[in-house]
>>> print(open('final_24.txt').read())   # compact mmCIF, C-alpha atoms
# COMPACT_ATOMS: atom_id res chain seq x y z
CA MET A 109 63.73 81.29 104.36
CA PRO A 110 65.21 84.84 104.27
CA GLN A 111 68.96 85.06 104.72
CA LYS A 112 68.70 87.27 107.81
CA ASN A 113 66.75 84.58 109.68
CA ILE A 114 69.15 81.75 109.00
CA ARG A 115 70.80 80.32 112.12
CA ILE A 116 72.97 77.27 112.67
CA LYS A 117 69.96 75.70 114.40
CA ASP A 118 67.84 76.23 111.24
CA ILE A 119 70.47 74.71 108.96
CA ALA A 120 70.87 71.70 111.27
CA LEU A 121 67.10 71.12 111.25
CA LEU A 122 66.90 71.32 107.45
CA ALA A 123 69.90 69.01 106.97
CA GLY A 124 68.88 66.56 109.67
CA VAL A 125 72.20 66.83 111.50
CA SER A 126 73.41 68.30 114.79
CA GLU A 127 74.28 71.96 115.29
CA GLY A 128 77.85 70.93 116.05
CA THR A 129 78.11 69.26 112.64
CA VAL A 130 76.89 72.42 110.91
CA ASP A 131 79.39 74.51 112.85
CA ARG A 132 82.26 72.23 111.83
CA VAL A 133 81.25 72.35 108.15
CA LEU A 134 80.88 76.14 108.15
CA HIS A 135 84.23 76.76 109.82
CA LYS A 136 86.04 73.81 108.22
CA ARG A 137 87.26 72.39 111.50
CA GLY A 138 86.96 69.02 113.18
CA LYS A 139 85.86 65.73 111.63
CA VAL A 140 82.61 65.42 109.70
CA SER A 141 81.44 62.37 107.79
CA LYS A 142 81.17 62.74 104.04
CA ALA A 143 77.42 62.03 104.14
CA ALA A 144 76.78 64.68 106.82
CA ALA A 145 78.90 67.25 105.01
CA GLU A 146 77.00 66.62 101.78
CA LYS A 147 73.68 67.16 103.58
CA VAL A 148 74.82 70.45 105.09
CA ASN A 149 76.34 71.75 101.87
CA LYS A 150 73.18 70.85 99.96
CA VAL A 151 71.10 72.95 102.37
CA LEU A 152 73.60 75.82 102.22
CA LYS A 153 73.35 75.85 98.44
CA GLU A 154 69.54 75.68 98.46
CA ILE A 155 69.18 78.63 100.84
CA ASN A 156 72.03 80.61 99.21
CA TYR A 157 73.72 80.91 102.59
CA ARG A 158 76.19 83.76 103.05
CA PRO A 159 78.22 83.92 106.28
CA ASN A 160 78.22 87.03 108.41
CA LEU A 161 81.73 88.17 107.56
CA LEU A 162 81.77 90.93 110.14
CA ALA A 163 80.83 88.59 112.97
CA LYS A 164 83.37 86.07 111.71
CA THR A 165 86.11 88.70 111.69
CA LEU A 166 85.26 90.02 115.13
CA GLY A 167 85.32 86.47 116.40
CA GLN A 168 88.94 86.12 115.31
CA ASN A 169 89.90 88.77 117.89
CA ARG A 170 92.74 89.97 115.65
CA THR A 171 93.95 93.54 115.19
CA TYR A 172 95.05 94.42 111.66
CA ARG A 173 97.83 96.96 111.09
CA ILE A 174 97.57 99.31 108.13
CA ALA A 175 100.50 101.58 107.35
CA THR A 176 100.05 104.84 105.46
CA LEU A 177 102.83 106.56 103.53
CA THR A 178 101.98 110.16 102.60
CA PRO A 179 103.55 113.61 102.47
CA ASN A 180 103.77 115.34 105.84
CA PRO A 181 100.38 117.00 106.54
CA ASP A 182 102.13 119.79 108.45
CA LEU A 183 103.87 120.93 105.25
CA ASP A 184 100.86 121.25 102.95
CA PRO A 185 97.13 121.74 103.69
CA PHE A 186 96.30 119.43 100.78
CA TRP A 187 97.94 116.54 102.61
CA LYS A 188 96.33 117.63 105.85
CA GLN A 189 93.01 116.86 104.17
CA SER A 190 94.33 113.43 103.17
CA GLN A 191 95.41 112.71 106.73
CA ASP A 192 91.95 113.77 107.93
CA GLY A 193 90.52 111.14 105.58
CA ILE A 194 92.79 108.47 107.01
CA VAL A 195 91.72 109.33 110.56
CA ALA A 196 88.06 109.38 109.51
CA GLY A 197 88.40 105.94 107.91
CA GLU A 198 89.95 104.52 111.09
CA LYS A 199 87.18 106.01 113.24
CA GLN A 200 84.46 104.61 111.00
CA LEU A 201 85.90 101.11 111.26
CA ALA A 202 86.11 101.47 115.04
CA GLN A 203 82.42 102.35 115.18
CA PHE A 204 81.67 98.91 113.76
CA GLY A 205 83.95 97.26 116.28
CA ILE A 206 86.54 96.43 113.64
CA GLN A 207 90.03 96.33 115.13
CA VAL A 208 92.37 98.20 112.77
CA VAL A 209 95.40 100.22 113.83
CA ILE A 210 96.69 102.90 111.47
CA GLU A 211 100.43 103.60 111.58
CA SER A 212 101.27 106.77 109.64
CA ALA A 213 104.66 107.45 108.08
CA PHE A 214 105.27 110.90 106.57
CA TYR A 215 107.83 112.25 104.12
CA ASN A 216 108.83 115.65 102.81
CA PRO A 217 107.31 115.97 99.30
CA ALA A 218 110.30 118.03 98.20
CA ILE A 219 112.98 115.54 99.27
CA LYS A 220 113.32 112.16 97.56
CA GLU A 221 115.50 110.76 100.34
CA SER A 222 112.77 111.55 102.85
CA PHE A 223 110.40 109.31 100.91
CA GLN A 224 112.97 106.52 100.72
CA GLU A 225 113.57 106.63 104.47
CA ALA A 226 109.85 106.61 105.28
CA ALA A 227 109.21 103.76 102.81
CA LEU A 228 111.99 101.68 104.37
CA LYS A 229 110.51 102.27 107.82
CA VAL A 230 107.08 101.14 106.61
CA PHE A 231 108.47 98.01 104.95
CA HIS A 232 110.42 96.87 108.02
CA SER A 233 107.34 97.30 110.22
CA PHE A 234 105.73 94.46 108.15
CA PRO A 235 102.16 95.82 108.18
CA ASP A 236 99.16 93.84 106.95
CA GLY A 237 98.54 96.43 104.23
CA VAL A 238 99.78 99.82 103.03
CA LEU A 239 98.06 102.95 101.68
CA ILE A 240 100.52 105.01 99.61
CA ALA A 241 100.60 108.43 97.96
CA PRO A 242 103.76 107.93 95.83
CA LEU A 243 104.89 111.35 94.58
CA PHE A 244 108.41 110.15 93.67
CA TYR A 245 108.24 107.87 90.66
CA TYR A 246 111.74 106.35 90.59
CA ALA A 247 112.07 106.12 94.37
CA SER A 248 108.72 104.29 94.56
CA LEU A 249 109.57 101.41 92.24
CA PRO A 250 111.94 99.50 94.61
CA PHE A 251 109.41 99.92 97.42
CA PHE A 252 106.64 98.38 95.31
CA LYS A 253 108.95 95.52 94.35
CA ARG A 254 109.66 94.72 98.00
CA LEU A 255 105.96 94.79 98.90
CA ASN A 256 105.13 92.49 95.98
CA GLU A 257 107.87 90.04 96.96
CA VAL A 258 106.56 89.58 100.51
CA LYS A 259 102.94 89.78 99.35
CA ILE A 260 101.94 92.80 101.42
CA PRO A 261 98.85 94.28 99.71
CA TYR A 262 98.89 97.99 98.99
CA ILE A 263 96.70 100.68 97.50
CA LEU A 264 97.82 103.81 95.66
CA PHE A 265 95.95 107.08 95.83
CA ASN A 266 96.42 110.50 94.23
CA THR A 267 99.20 109.24 91.92
CA ARG A 268 99.04 106.21 89.62
CA ILE A 269 102.30 104.37 88.87
CA ALA A 270 101.91 102.08 85.86
CA GLU A 271 104.61 99.61 86.97
CA ALA A 272 103.05 99.07 90.39
CA LYS A 273 100.70 96.19 91.18
CA PRO A 274 98.34 97.68 93.77
CA LEU A 275 94.99 96.27 94.79
CA THR A 276 93.49 99.43 93.34
CA PHE A 277 94.23 103.02 92.40
CA ILE A 278 92.08 105.76 93.92
CA GLY A 279 92.13 109.21 92.37
CA GLN A 280 91.29 111.02 89.18
CA ASP A 281 92.05 110.49 85.51
CA LEU A 282 94.83 113.08 85.45
CA ILE A 283 95.20 113.21 81.68
CA GLN A 284 91.51 113.98 81.43
CA SER A 285 92.00 116.51 84.22
CA GLY A 286 94.59 118.32 82.10
CA ARG A 287 92.20 118.31 79.16
CA LEU A 288 89.53 119.85 81.37
CA ALA A 289 91.94 122.62 82.43
CA ALA A 290 92.66 123.38 78.77
CA ASP A 291 88.95 123.69 78.05
CA LEU A 292 88.43 126.00 81.03
CA LEU A 293 91.23 128.31 79.88
CA ARG A 294 89.90 128.35 76.32
CA VAL A 295 86.36 129.40 77.21
CA GLY A 296 85.65 132.57 75.26
CA GLN A 297 89.03 132.50 73.47
CA THR A 298 88.61 132.87 69.71
CA LEU A 299 92.16 133.81 68.67
CA PRO A 300 95.48 131.97 69.10
CA ALA A 301 97.09 132.77 72.44
CA ALA A 302 99.79 131.69 74.85
CA PHE A 303 99.17 129.49 77.88
CA ALA A 304 101.49 128.64 80.78
CA VAL A 305 101.59 125.40 82.80
CA LEU A 306 103.14 126.03 86.20
CA HIS A 307 104.42 123.20 88.41
CA VAL A 308 104.94 124.84 91.80
CA ASP A 309 107.34 123.29 94.32
CA GLU A 310 107.39 119.88 92.62
CA ASP A 311 110.09 117.85 90.85
CA LEU A 312 108.51 117.34 87.43
CA SER A 313 111.00 114.65 86.35
CA ASN A 314 109.92 112.51 89.31
CA SER A 315 106.22 113.40 89.34
CA VAL A 316 104.09 111.19 87.10
CA HIS A 317 100.87 112.88 88.23
CA LEU A 318 102.04 116.31 87.07
CA ARG A 319 103.38 115.04 83.77
CA GLU A 320 100.02 113.40 83.06
CA LYS A 321 98.19 116.66 83.72
CA GLU A 322 100.49 118.58 81.41
CA SER A 323 100.29 115.87 78.75
CA GLY A 324 96.51 116.02 78.74
CA PHE A 325 96.59 119.82 78.66
CA ARG A 326 99.00 120.00 75.72
CA GLU A 327 97.30 117.25 73.72
CA HIS A 328 93.84 118.80 74.09
CA LEU A 329 94.99 122.32 73.32
CA LYS A 330 96.85 121.16 70.23
CA LYS A 331 93.71 119.42 69.01
CA LYS A 332 91.33 122.29 69.73
CA ASP A 333 93.62 125.27 69.11
CA PRO A 334 96.73 124.20 67.13
CA PHE A 335 98.03 127.75 66.66
CA SER A 336 98.24 128.53 70.37
CA GLN A 337 101.46 128.02 72.32
CA VAL A 338 102.07 126.23 75.62
CA TYR A 339 104.95 127.08 77.94
CA SER A 340 105.91 124.92 80.91
CA PHE A 341 107.69 126.11 84.06
CA GLU A 342 108.89 124.56 87.31
CA LEU A 343 108.76 127.20 90.04
CA LYS A 344 110.57 126.42 93.29
CA ASN A 345 110.49 127.87 96.78
CA ALA A 346 107.32 129.96 96.72
CA ASN A 347 107.52 133.39 98.39
CA THR A 348 111.25 133.80 97.72
CA ALA A 349 112.91 136.45 95.55
CA ALA A 350 114.02 133.80 93.04
CA PHE A 351 110.46 132.50 92.77
CA ARG A 352 109.08 135.98 92.10
CA LYS A 353 111.77 136.64 89.49
CA GLU A 354 110.92 133.48 87.59
CA LEU A 355 107.21 134.18 87.87
CA ASN A 356 107.79 137.59 86.28
CA LEU A 357 109.33 135.82 83.29
CA VAL A 358 106.10 133.83 82.94
CA LEU A 359 103.96 136.94 83.17
CA ASN A 360 105.97 138.68 80.43
CA ILE A 361 105.09 136.01 77.85
CA ASP A 362 103.57 137.74 74.85
CA ASN A 363 99.80 137.31 74.50
CA LEU A 364 99.49 135.22 77.69
CA ARG A 365 95.80 134.40 78.17
CA GLY A 366 95.76 131.51 80.63
CA VAL A 367 97.72 129.97 83.52
CA PHE A 368 97.27 126.36 84.62
CA VAL A 369 98.75 125.56 88.05
CA SER A 370 99.13 121.78 88.22
CA THR A 371 99.43 121.61 92.02
CA SER A 372 97.39 122.85 94.98
CA LYS A 373 99.53 126.03 95.13
CA GLY A 374 97.54 128.21 92.78
CA TYR A 375 97.40 130.77 95.58
CA ALA A 376 101.17 131.33 95.24
CA VAL A 377 100.87 132.78 91.73
CA ALA A 378 97.25 133.85 91.15
CA PRO A 379 97.34 137.33 92.77
CA SER A 380 100.47 138.26 90.79
CA VAL A 381 98.89 137.05 87.55
CA LYS A 382 95.73 139.11 88.01
CA LYS A 383 97.75 142.17 89.08
CA ILE A 384 99.58 142.10 85.74
CA ASN A 385 96.46 141.43 83.68
CA PRO A 386 93.00 140.72 85.19
CA GLU A 387 91.97 139.11 81.88
CA ILE A 388 94.42 136.23 82.23
CA ARG A 389 92.43 133.21 83.36
CA VAL A 390 93.80 131.01 86.18
CA VAL A 391 92.95 127.35 86.81
CA GLY A 392 94.23 125.53 89.88
CA TYR A 393 93.49 122.57 92.13
CA ASP A 394 91.95 121.83 95.50
CA LEU A 395 89.72 123.42 98.10
CA ILE A 396 92.29 124.52 100.64
CA LYS A 397 91.71 127.73 102.56
CA VAL A 398 94.17 129.96 100.67
CA ASN A 399 92.85 128.79 97.29
CA LEU A 400 89.27 129.41 98.38
CA GLU A 401 90.25 132.94 99.42
CA CYS A 402 91.71 133.51 95.95
CA LEU A 403 88.55 132.11 94.38
CA GLU A 404 86.43 134.52 96.41
CA ALA A 405 88.76 137.43 95.56
CA GLY A 406 88.58 136.59 91.86
CA THR A 407 92.30 135.85 91.42
CA ILE A 408 91.58 132.15 90.73
CA ASP A 409 88.83 131.53 88.19
CA PHE A 410 88.41 127.75 88.50
CA LEU A 411 89.47 125.08 90.98
CA ILE A 412 89.40 121.39 90.09
CA ASN A 413 88.57 119.53 93.28
CA GLN A 414 90.49 116.28 93.80
CA ASN A 415 88.78 115.32 97.10
CA PRO A 416 91.95 114.26 98.95
CA MET A 417 90.04 113.43 102.14
CA ARG A 418 87.64 111.09 100.38
CA GLN A 419 90.45 109.46 98.40
CA ALA A 420 92.35 108.59 101.56
CA LYS A 421 89.25 107.50 103.48
CA LEU A 422 88.22 105.19 100.65
CA GLY A 423 91.75 103.78 100.62
CA ILE A 424 91.49 102.77 104.28
CA GLN A 425 88.04 101.28 103.73
CA SER A 426 89.20 99.32 100.69
CA LEU A 427 92.20 97.87 102.51
CA ALA A 428 89.95 96.86 105.41
CA ASN A 429 87.52 95.14 103.04
CA CYS A 430 90.39 93.18 101.50
CA LEU A 431 92.18 92.24 104.74
CA LEU A 432 89.20 91.53 106.97
CA PHE A 433 86.57 90.27 104.57
CA ASN A 434 88.66 89.02 101.64
CA LYS A 435 86.64 91.22 99.31
CA THR A 436 87.87 91.91 95.80
CA VAL A 437 88.27 95.62 95.16
CA PRO A 438 88.01 97.18 91.67
CA THR A 439 91.30 97.84 89.92
CA GLN A 440 90.61 101.57 90.01
CA HIS A 441 88.23 104.05 91.57
CA LEU A 442 88.20 107.30 89.59
CA PHE A 443 86.74 110.37 91.27
CA PRO A 444 84.72 112.90 89.24
CA LEU A 445 86.39 116.08 88.00
CA GLU A 446 84.51 118.70 90.00
CA ILE A 447 84.76 122.30 88.77
CA ILE A 448 84.43 124.85 91.57
CA THR A 449 83.88 128.56 90.86
CA ALA A 450 83.13 131.65 92.91
CA GLN A 451 79.49 131.17 91.92
CA ASN A 452 79.02 127.60 93.14
CA VAL A 453 81.58 127.30 95.95
CA GLY A 454 79.11 128.50 98.60
CA SER A 455 76.46 125.93 97.78
CA TYR A 456 79.12 123.23 97.40
CA LEU A 457 80.64 123.86 100.81
CA SER A 458 77.26 124.23 102.50
CA HIS A 459 76.32 120.68 101.52
CA PRO A 460 76.99 118.45 104.58
CA GLY A 461 78.66 115.79 102.49
CA ASN A 462 81.31 118.22 101.21
CA GLN A 463 82.30 119.99 104.40
CA ALA A 464 84.46 117.38 106.12
CA GLY A 465 88.18 117.77 105.61
CA ILE A 466 88.00 121.16 103.90
CA LEU A 467 89.91 123.78 105.87
CA VAL A 468 87.80 126.94 105.67
>>> encode(input="final_24.txt", output="structure tokens")
Amino acid sequence: MPQKNIRIKDIALLAGVSEGTVDRVLHKRGKVSKAAAEKVNKVLKEINYRPNLLAKTLGQNRTYRIATLTPNPDLDPFWKQSQDGIVAGEKQLAQFGIQVVIESAFYNPAIKESFQEAALKVFHSFPDGVLIAPLFYYASLPFFKRLNEVKIPYILFNTRIAEAKPLTFIGQDLIQSGRLAADLLRVGQTLPAAFAVLHVDEDLSNSVHLREKESGFREHLKKKDPFSQVYSFELKNANTAAFRKELNLVLNIDNLRGVFVSTSKGYAVAPSVKKINPEIRVVGYDLIKVNLECLEAGTIDFLINQNPMRQAKLGIQSLANCLLFNKTVPTQHLFPLEIITAQNVGSYLSHPGNQAGILV
């Protein structure tokens, strides 16, 4: 008998017991004789019965609370895309009648104390689960410890922290991402050259995700082109005089042939790079409006798309699967490293599946 046709009435008939007995066995409530329970369980095994988890969950009439802890979407269009993914995930669950409330807590990605305050607020709200983008490595560790102690499940996205014990990590292999950037900058390069890694408006000492990108970049370049040199810079406060002064130091590096911007702020440096030397190749991240404008203008050569909206949406879906349906999620979900150029960006954005969450 096909699974979709199985009803309590059918199981009762096959087992030779009442429908009430089947109901009590399925939901593990009330008293059932050992003989009757054995009959029902034998039938369940024979027909490979699987309960309708969605109907079971809806029948509980419980609303689950998921907290999200991310950088403030008003401060960076990259995180606006992530927040769009969170909202989209909540709406999708609502369409299926699943009662989940999302409570968002934001922090300033440039201020460690802002993260600590937001994390404390999330913890004391005692949510059923938490979705976290943990940009601050050291400040994140006590928060993870508290969540583990009270057994609140959580998922990390965008940034993997090795010491954490999340249900899963959602994002990209960032070391491999750095290797990809090195390859993109080396295309057509036959002689030793200089390359610059720029971390714009980020605290490198506290940012595991940026260190992994640079590590992959350096390791791959050393392997493929051992005579080339790599310089690393942290540039703060884009669009200020101090920022422009430090950027000029980068651009005066002898034999500079490539610039790798490890954050979504390639737009802050790309026009200046190309103005100095149009032959210097620029690789950045993420399909935000200002980066896409640079791509179209030719000041950014390659963008590696991290899909922040899809990462966040999958995080909400994964937490819901765990909380509502007790489903086991994989320990990691790695997104592909998508290379976007001026030649393929039009066809990429025109595809319906790629439009949502991209601010064009």
>>> closest_residue(input="final_24.txt", among="A:Gly296, A:Gly197, A:Gly286, A:Pro444", to="Asn415 of chain A", atoms="all atoms listed in the file")
A:Pro444
>>> residues_around(input="final_24.txt", residues="Thr267 of chain A", least_positions_apart="4", cutoff="12 Å", atoms="only C-alpha atoms", output="count of residues only")
34
>>> closest_residue(input="final_24.txt", among="A:Ala450, A:Leu427, A:Ala175, A:Leu422", to="Leu403 of chain A", atoms="all atoms listed in the file")
A:Ala450
>>> closest_residue(input="final_24.txt", among="A:Gly392, A:Gly128, A:Pro261, A:Gly324", to="Ala378 of chain A", atoms="only C-alpha atoms")
A:Gly392
>>> atom_distance(input="final_24.txt", atom1="atom CA of Arg132 of chain A", atom2="atom CA of Arg170 of chain A")
21.0 Å
>>> atom_distance(input="final_24.txt", atom1="atom CA of Val338 of chain A", atom2="atom CA of Phe303 of chain A")
4.9 Å
>>> closest_residue(input="final_24.txt", among="A:Asn413, A:Thr407, A:Ser190, A:Ser458", to="Lys383 of chain A", atoms="only C-alpha atoms")
A:Thr407
>>> closest_residue(input="final_24.txt", among="A:Tyr262, A:Phe231, A:Phe368, A:Tyr172", to="Ala213 of chain A", atoms="only C-alpha atoms")
A:Phe231
>>> atom_distance(input="final_24.txt", atom1="atom CA of Leu411 of chain A", atom2="atom CA of Tyr393 of chain A")
4.9 Å
>>> closest_residue(input="final_24.txt", among="A:Leu152, A:Phe252, A:Ile206, A:Ala218", to="Asn429 of chain A", atoms="all atoms listed in the file")
A:Ile206
>>> axis_aligned_box(input="final_24.txt", around="segment 117-121 of chain A", padding_each_side="5 Å", output="JSON")
{"center_x": 69.0, "center_y": 73.7, "center_z": 111.7, "size_x": 13.8, "size_y": 15.1, "size_z": 15.4}
